[in-house]
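What follows is the content of model32.txt (compact mmCIF, C-alpha atoms).
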```
# COMPACT_ATOMS: atom_id res chain seq x y z
CA MET A 247 0.00 0.00 0.00
CA ALA A 248 1.55 3.32 -1.03
CA GLY A 249 1.69 6.33 1.28
CA LYS A 250 3.06 6.85 4.75
CA PRO A 251 4.86 3.95 6.46
CA THR A 252 3.58 2.16 9.53
CA VAL A 253 5.00 2.93 12.94
CA LEU A 254 6.46 -0.60 12.93
CA LYS A 255 8.38 0.01 9.70
CA VAL A 256 9.83 3.27 11.02
CA LEU A 257 10.90 1.70 14.32
CA LEU A 258 12.46 -1.31 12.59
CA ARG A 259 14.40 0.95 10.23
CA ARG A 260 15.71 3.02 13.15
CA ARG A 261 17.04 -0.16 14.77
CA HIS A 262 18.33 -1.59 11.47
CA LEU A 263 15.91 -4.55 11.68
CA GLN A 264 14.03 -3.95 8.43
CA GLY A 265 15.59 -7.02 6.74
CA HIS A 266 13.78 -10.33 7.19
CA ARG A 267 16.81 -12.33 8.34
CA THR A 268 17.89 -9.65 10.84
CA PHE A 269 14.34 -9.30 12.13
CA CYS A 270 14.04 -13.07 12.65
CA ARG A 271 17.21 -13.15 14.75
CA GLU A 272 15.82 -10.41 17.00
CA TYR A 273 12.42 -12.16 17.10
CA ASP A 274 14.01 -15.42 18.28
CA LYS A 275 16.14 -13.65 20.88
CA LEU A 276 13.06 -12.07 22.44
CA ALA A 277 10.95 -15.22 22.11
CA LYS A 278 13.50 -17.19 24.14
CA GLN A 279 13.16 -14.60 26.91
CA VAL A 280 9.39 -14.10 26.80
CA GLU A 281 7.91 -17.43 25.60
CA PRO A 282 10.62 -19.98 24.71
CA GLU A 283 8.17 -22.20 22.84
CA LEU A 284 7.72 -19.41 20.27
CA ALA A 285 11.37 -19.48 19.19
CA GLY A 286 11.41 -20.18 15.46
CA SER A 287 7.79 -19.08 14.96
CA TRP A 288 8.76 -15.81 13.25
CA PRO A 289 6.78 -14.82 10.14
CA SER A 290 7.75 -16.05 6.70
CA LYS A 291 9.51 -13.59 4.42
CA ALA A 292 6.28 -12.94 2.51
CA GLN A 293 4.34 -12.39 5.75
CA PHE A 294 7.00 -10.03 7.10
CA TYR A 295 6.93 -7.80 4.03
CA ARG A 296 3.12 -7.81 4.09
CA TRP A 297 3.41 -6.39 7.60
CA LEU A 298 5.67 -3.61 6.39
CA SER A 299 3.46 -2.78 3.41
CA ARG A 300 0.26 -2.87 5.51
CA ASP A 301 -1.08 -5.62 3.26
CA LEU A 302 -3.00 -7.46 5.97
CA GLN A 303 -6.49 -7.68 7.40
CA GLY A 304 -6.53 -6.71 11.05
CA LEU A 305 -3.49 -7.66 13.11
CA PRO A 306 -1.06 -10.59 12.93
CA TYR A 307 -1.73 -13.60 15.15
CA ALA A 308 -1.59 -13.02 18.90
CA HIS A 309 1.80 -14.70 19.44
CA HIS A 310 3.36 -12.38 16.83
CA CYS A 311 1.76 -9.39 18.56
CA ARG A 312 3.21 -10.42 21.92
CA ILE A 313 6.73 -10.62 20.52
CA LEU A 314 6.38 -7.27 18.72
CA GLU A 315 5.19 -5.62 21.92
CA ALA A 316 8.23 -7.07 23.74
CA MET A 317 10.46 -5.80 20.93
CA PHE A 318 9.04 -2.27 21.30
CA PRO A 319 8.10 -1.71 24.96
CA GLY A 320 5.36 0.83 25.46
CA TRP A 321 3.77 0.18 22.08
CA THR A 322 0.68 -1.94 21.57
CA ALA A 323 0.35 -4.08 18.46
CA GLU A 324 -2.55 -1.88 17.32
CA GLN A 325 -0.32 1.20 17.51
CA LEU A 326 2.58 -0.48 15.70
CA PHE A 327 0.42 -1.17 12.65
CA GLN A 328 -1.02 2.33 12.45
CA GLU A 329 0.19 4.78 9.83
CA HIS A 330 3.11 6.88 11.08
CA PRO A 331 1.98 10.49 10.66
CA GLY A 332 5.41 12.18 10.80
CA ASP A 333 8.59 12.11 8.78
CA SER A 334 9.93 8.62 8.18
CA GLU A 335 13.27 9.61 9.75
CA PHE A 336 11.60 10.69 13.00
CA ALA A 337 11.39 7.97 15.65
CA PRO A 338 7.94 8.17 17.23
CA GLU A 339 7.23 7.83 20.93
CA PRO A 340 4.65 5.33 22.22
CA SER A 341 1.23 6.64 23.05
CA THR A 342 0.06 6.46 26.64
CA LYS A 343 -3.43 5.50 25.51
CA ALA A 344 -4.49 2.21 27.06
CA ALA A 345 -4.78 -0.76 24.75
CA PRO A 346 -8.34 -1.96 24.10
CA GLN A 347 -9.35 -4.99 26.13
CA PRO A 348 -11.03 -8.06 24.63
CA PRO A 349 -14.82 -8.09 24.93
CA HIS A 350 -16.03 -9.59 28.18
CA GLY A 351 -16.68 -13.30 27.89
CA MET A 352 -14.64 -13.82 24.71
CA ALA A 353 -11.75 -15.60 26.50
CA ASP A 354 -9.04 -16.23 23.87
CA VAL A 355 -11.37 -16.22 20.83
CA THR A 356 -9.99 -13.60 18.44
CA ALA A 357 -12.31 -14.04 15.43
CA VAL A 358 -15.64 -15.69 14.57
CA PHE A 359 -16.93 -16.44 11.06
CA PRO A 360 -20.46 -17.63 10.12
CA SER A 361 -19.19 -20.37 7.79
CA ARG A 362 -16.05 -22.09 6.53
CA PRO A 363 -16.10 -20.23 3.18
CA ALA A 364 -16.27 -16.90 5.04
CA PHE A 365 -13.29 -17.96 7.14
CA ALA A 366 -11.31 -19.18 4.11
CA HIS A 367 -11.97 -15.91 2.28
CA GLU A 368 -10.57 -13.88 5.15
CA ILE A 369 -7.83 -16.32 6.20
CA PRO A 370 -6.89 -18.50 3.21
CA PRO A 371 -4.70 -21.59 3.73
CA HIS A 372 -1.47 -19.88 2.69
CA LYS A 373 -1.99 -17.18 5.31
CA LEU A 374 -2.45 -19.83 7.99
CA PHE A 375 0.24 -22.33 6.97
CA ASP A 376 3.07 -20.39 5.29
CA GLY A 377 6.07 -20.32 7.58
CA ALA A 378 4.54 -22.64 10.19
CA LYS A 379 6.82 -25.04 12.06
CA LYS A 380 4.11 -27.42 13.30
CA ILE A 381 0.59 -28.09 11.98
CA ASP A 382 -1.89 -30.47 13.66
CA LEU A 383 -5.24 -31.22 12.00
CA VAL A 384 -8.20 -33.41 12.91
CA GLY A 385 -11.60 -33.51 11.23
CA LEU A 386 -13.28 -35.48 8.49
CA SER A 387 -11.56 -35.13 5.10
CA LEU A 388 -9.22 -32.19 5.93
CA ASN A 389 -10.06 -30.40 2.68
CA PHE A 390 -8.66 -27.08 3.89
CA LEU A 391 -5.16 -28.56 3.72
CA CYS A 392 -5.52 -31.30 1.11
CA GLN A 393 -7.58 -29.37 -1.43
CA GLY A 394 -6.86 -25.77 -0.48
CA TYR A 395 -3.08 -25.68 -0.01
CA PRO A 396 -0.73 -26.24 -2.98
CA ASP A 397 1.24 -29.49 -3.07
CA ARG A 398 4.45 -27.60 -3.80
CA SER A 399 4.00 -25.35 -0.77
CA LEU A 400 3.32 -28.32 1.49
CA LEU A 401 6.37 -30.17 0.16
CA ASP A 402 8.52 -27.10 0.79
CA LEU A 403 7.26 -26.84 4.37
CA LEU A 404 7.95 -30.52 5.06
CA GLU A 405 11.42 -30.37 3.53
CA ALA A 406 12.16 -27.30 5.67
CA GLY A 407 11.37 -29.28 8.82
CA THR A 408 7.69 -28.50 9.46
CA VAL A 409 5.89 -31.36 11.19
CA VAL A 410 2.37 -31.95 9.83
CA GLN A 411 0.07 -34.35 11.69
CA CYS A 412 -3.18 -35.23 9.88
CA LEU A 413 -5.95 -37.15 11.63
CA PHE A 414 -8.76 -38.23 9.27
CA LEU A 415 -12.11 -39.82 10.07
CA ASP A 416 -11.64 -43.48 9.07
CA PRO A 417 -13.05 -43.80 5.51
CA ASP A 418 -13.79 -47.48 6.18
CA GLY A 419 -15.29 -46.95 9.63
CA ARG A 420 -18.73 -46.72 11.13
CA TYR A 421 -18.83 -42.99 11.80
CA VAL A 422 -18.13 -41.75 8.28
CA ARG A 423 -21.26 -43.64 7.17
CA GLU A 424 -23.23 -42.02 9.99
CA ARG A 425 -22.02 -38.59 8.91
CA GLU A 426 -23.00 -39.30 5.30
CA ARG A 427 -26.54 -40.05 6.47
CA GLU A 428 -26.56 -36.96 8.68
CA GLU A 429 -25.55 -34.72 5.76
CA SER A 430 -27.97 -36.55 3.40
CA HIS A 431 -25.18 -37.72 1.08
CA PRO A 432 -25.38 -40.90 -1.00
CA GLU A 433 -23.39 -43.70 0.60
CA GLY A 434 -19.68 -43.44 -0.13
CA VAL A 435 -19.44 -39.71 -0.91
CA LEU A 436 -17.49 -38.66 2.18
CA SER A 437 -15.53 -41.89 2.48
CA THR A 438 -14.35 -41.60 -1.15
CA LEU A 439 -13.30 -37.96 -0.67
CA THR A 440 -11.41 -38.88 2.49
CA ARG A 441 -9.58 -41.74 0.76
CA LEU A 442 -8.58 -39.42 -2.07
CA ASN A 443 -7.19 -36.86 0.36
CA ILE A 444 -5.24 -39.52 2.26
CA GLN A 445 -3.86 -40.82 -1.03
CA THR A 446 -2.86 -37.27 -2.01
CA LEU A 447 -0.77 -36.99 1.14
CA GLN A 448 0.68 -40.46 0.65
CA ARG A 449 1.70 -39.47 -2.87
CA LEU A 450 3.40 -36.34 -1.51
CA ALA A 451 5.18 -38.41 1.13
CA GLY A 452 6.68 -40.48 -1.66
CA LYS A 453 8.28 -37.32 -3.08
CA LEU A 454 9.96 -36.31 0.18
CA SER A 455 13.63 -36.79 0.89
CA PRO A 456 14.45 -39.55 3.42
CA ASP A 457 15.20 -36.96 6.12
CA ALA A 458 11.85 -35.20 5.65
CA ARG A 459 9.60 -38.24 5.24
CA GLY A 460 8.93 -38.54 8.97
CA ASN A 461 7.62 -34.97 9.10
CA LEU A 462 4.31 -35.98 7.49
CA ARG A 463 2.23 -38.19 9.80
CA ILE A 464 -1.15 -39.60 8.77
CA ARG A 465 -3.58 -41.36 11.10
CA THR A 466 -7.29 -42.18 11.28
CA TYR A 467 -9.88 -42.39 14.06
CA ASP A 468 -13.33 -43.96 14.15
CA GLU A 469 -15.40 -41.88 16.57
CA PRO A 470 -18.31 -39.43 16.27
CA VAL A 471 -17.01 -36.42 14.34
CA ARG A 472 -17.54 -33.35 16.51
CA PHE A 473 -14.94 -30.76 15.53
CA ASN A 474 -12.52 -29.86 12.80
CA ILE A 475 -9.48 -28.60 14.74
CA THR A 476 -6.32 -27.07 13.28
CA VAL A 477 -3.49 -26.07 15.62
CA ILE A 478 -0.58 -24.06 14.23
CA ASP A 479 2.73 -23.71 16.10
CA ASP A 480 1.04 -24.44 19.46
CA ALA A 481 -0.20 -20.85 19.35
CA THR A 482 -3.20 -20.55 16.98
CA CYS A 483 -6.22 -22.85 16.85
CA VAL A 484 -9.04 -22.89 14.30
CA VAL A 485 -12.17 -24.74 15.47
CA GLN A 486 -15.17 -25.69 13.33
CA PRO A 487 -18.02 -27.73 14.89
CA TYR A 488 -19.99 -30.28 12.87
CA LEU A 489 -23.68 -29.42 13.01
CA PRO A 490 -26.55 -31.91 12.66
CA ASP A 491 -28.36 -31.84 9.31
CA ALA A 492 -25.83 -29.41 7.81
CA ARG A 493 -22.81 -29.85 5.61
CA GLY A 494 -19.43 -29.10 7.12
CA VAL A 495 -18.93 -25.97 5.01
CA GLU A 496 -21.98 -24.42 6.68
CA SER A 497 -20.54 -24.60 10.19
CA PRO A 498 -19.30 -21.50 12.04
CA THR A 499 -15.56 -21.11 12.50
CA PHE A 500 -13.69 -19.80 15.53
CA VAL A 501 -10.09 -18.58 15.66
CA VAL A 502 -8.50 -19.01 19.08
CA GLU A 503 -5.11 -17.59 20.08
CA LYS A 504 -3.07 -18.84 23.01
CA GLN A 505 -2.93 -16.13 25.65
CA ALA A 506 -0.93 -15.55 28.79
CA GLY A 507 -2.83 -16.32 31.98
CA PRO A 508 -5.12 -19.15 33.09
CA PRO A 509 -5.84 -21.94 30.56
CA ALA A 510 -8.73 -21.11 28.25
CA LEU A 511 -10.20 -22.44 24.99
CA PHE A 512 -6.87 -22.85 23.22
CA GLU A 513 -5.74 -25.40 25.79
CA THR A 514 -9.12 -27.15 25.65
CA PHE A 515 -9.04 -27.78 21.91
CA SER A 516 -5.32 -28.51 21.63
CA GLN A 517 -5.81 -31.17 24.33
CA VAL A 518 -8.71 -32.62 22.33
CA PHE A 519 -6.37 -33.06 19.39
CA ASP A 520 -3.63 -34.61 21.56
CA SER A 521 -6.09 -37.05 23.12
CA MET A 522 -7.54 -38.14 19.78
CA TRP A 523 -4.09 -38.50 18.23
CA ALA A 524 -2.94 -40.70 21.10
CA ARG A 525 -5.74 -43.23 20.51
CA SER A 526 -5.72 -43.10 16.68
CA LYS A 527 -4.15 -45.62 14.31
CA GLU A 528 -1.40 -45.04 11.77
CA VAL A 529 -2.26 -45.22 8.07
CA THR A 530 -0.02 -47.58 6.14
CA ALA A 531 -2.13 -47.97 3.00
CA CYS A 532 -5.48 -46.64 1.84
CA ARG A 533 -7.86 -49.02 0.12
CA THR A 534 -9.12 -47.83 -3.27
```

Same coordinates, now as structure tokens:
Amino acid sequence: MAGKPTVLKVLLRRRHLQGHRTFCREYDKLAKQVEPELAGSWPSKAQFYRWLSRDLQGLPYAHHCRILEAMFPGWTAEQLFQEHPGDSEFAPEPSTKAAPQPPHGMADVTAVFPSRPAFAHEIPPHKLFDGAKKIDLVGLSLNFLCQGYPDRSLLDLLEAGTVVQCLFLDPDGRYVREREREESHPEGVLSTLTRLNIQTLQRLAGKLSPDARGNLRIRTYDEPVRFNITVIDDATCVVQPYLPDARGVESPTFVVEKQAGPPALFETFSQVFDSMWARSKEVTACRT
């Protein structure tokens, strides 16, 4: 976006941190002091330059905001992404205005969308997955990853060391047939789609180098399907419930960000994934 720079861009330039590699080193240094588990979760190069060009909707994810606020004490994330009104060579001072508080009762929910398409329009797969170090998914067919994210991008992530754990509803199990009846599909529609998505990932696994092959983990479960849960870098969680008599795309979608303080919804849903993963079974071959 042309025009005046953001406060963040001016402050980074003053500290000679406007380059992606230099910024990432500073990000990691602060993460190790503030929240060690966030070390290495810095934004991708494309994400970083979108920050500087103000090419983003709203604010970055909450864990990014926490590190930025530690990097520039006295500034809130909202203030850092505002347009800097003065000369670009002038280093601004933080405002004393109090940061807005989350609405009462919202816990760590940072966004709500009425449907999956509305969510995907606002937060497409590349925005969620690019630069991630760990991605955990559980649901039915996992279309958001398998159909919405390019194969080449997923291969690049896996080769770079990203661990991707995919937990599908068993296409040969009891509960996929129950969900087909609940959504009024002909028998075999959801099970066939799920098999195809599993086979897509198996095909990608065959293209990985030996060192990266273990980074893609595929399992199935055979239980009532209640939620589609995606956890990125142990910091961001996307939750989509399965509603009775409605297709999955019609379900509302909640974005939950891990926050400092007492455990809230992020911990609840990340523990659901961990529990389901622990009792799932590994996929060795998918029947055609």

| request: Could you jot down the CA of Pro498 in chain A to CA of Ala364 in chain A separation for me, Å, one decimal place? | output: 8.9 Å

| message | What does the structure give for the distance between CA of Pro370 in chain A and CA of Glu405 in chain A, in Å to one decimal? | response |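 CA of Glu405 in chain A lies at a distance of 21.8 Å from CA of Pro370 in chain A.
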
| Separation of CA of Phe473 in chain A from CA of Pro490 in chain A in Å |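 Going from CA of Pro490 in chain A over to CA of Phe473 in chain A covers 12.0 Å.
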
| Could you name the residues that touch Leu462 in chain A at 9 Å or less, counting all atoms listed in the file, but leaving out those on the same chain fewer than 6 positions away, as a ChimeraX atom specification? | /A:404,408-412,447-448,451

| query | In terms of the shortest atom-to-atom distance over all atoms listed in the file, which of A:Lys255, A:Arg472, A:Arg271, A:His266 is closest to Leu386 in chain A? | reply |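 For Leu386 in chain A, the nearest of the candidates is A:Arg472.
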
| So which one's closest to Gly494 in chain A, A:Arg441, A:Arg362, A:Arg463, A:His262? Using only C-alpha atoms, please. |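 The shortest atom-to-atom distance to Gly494 in chain A comes from A:Arg362.
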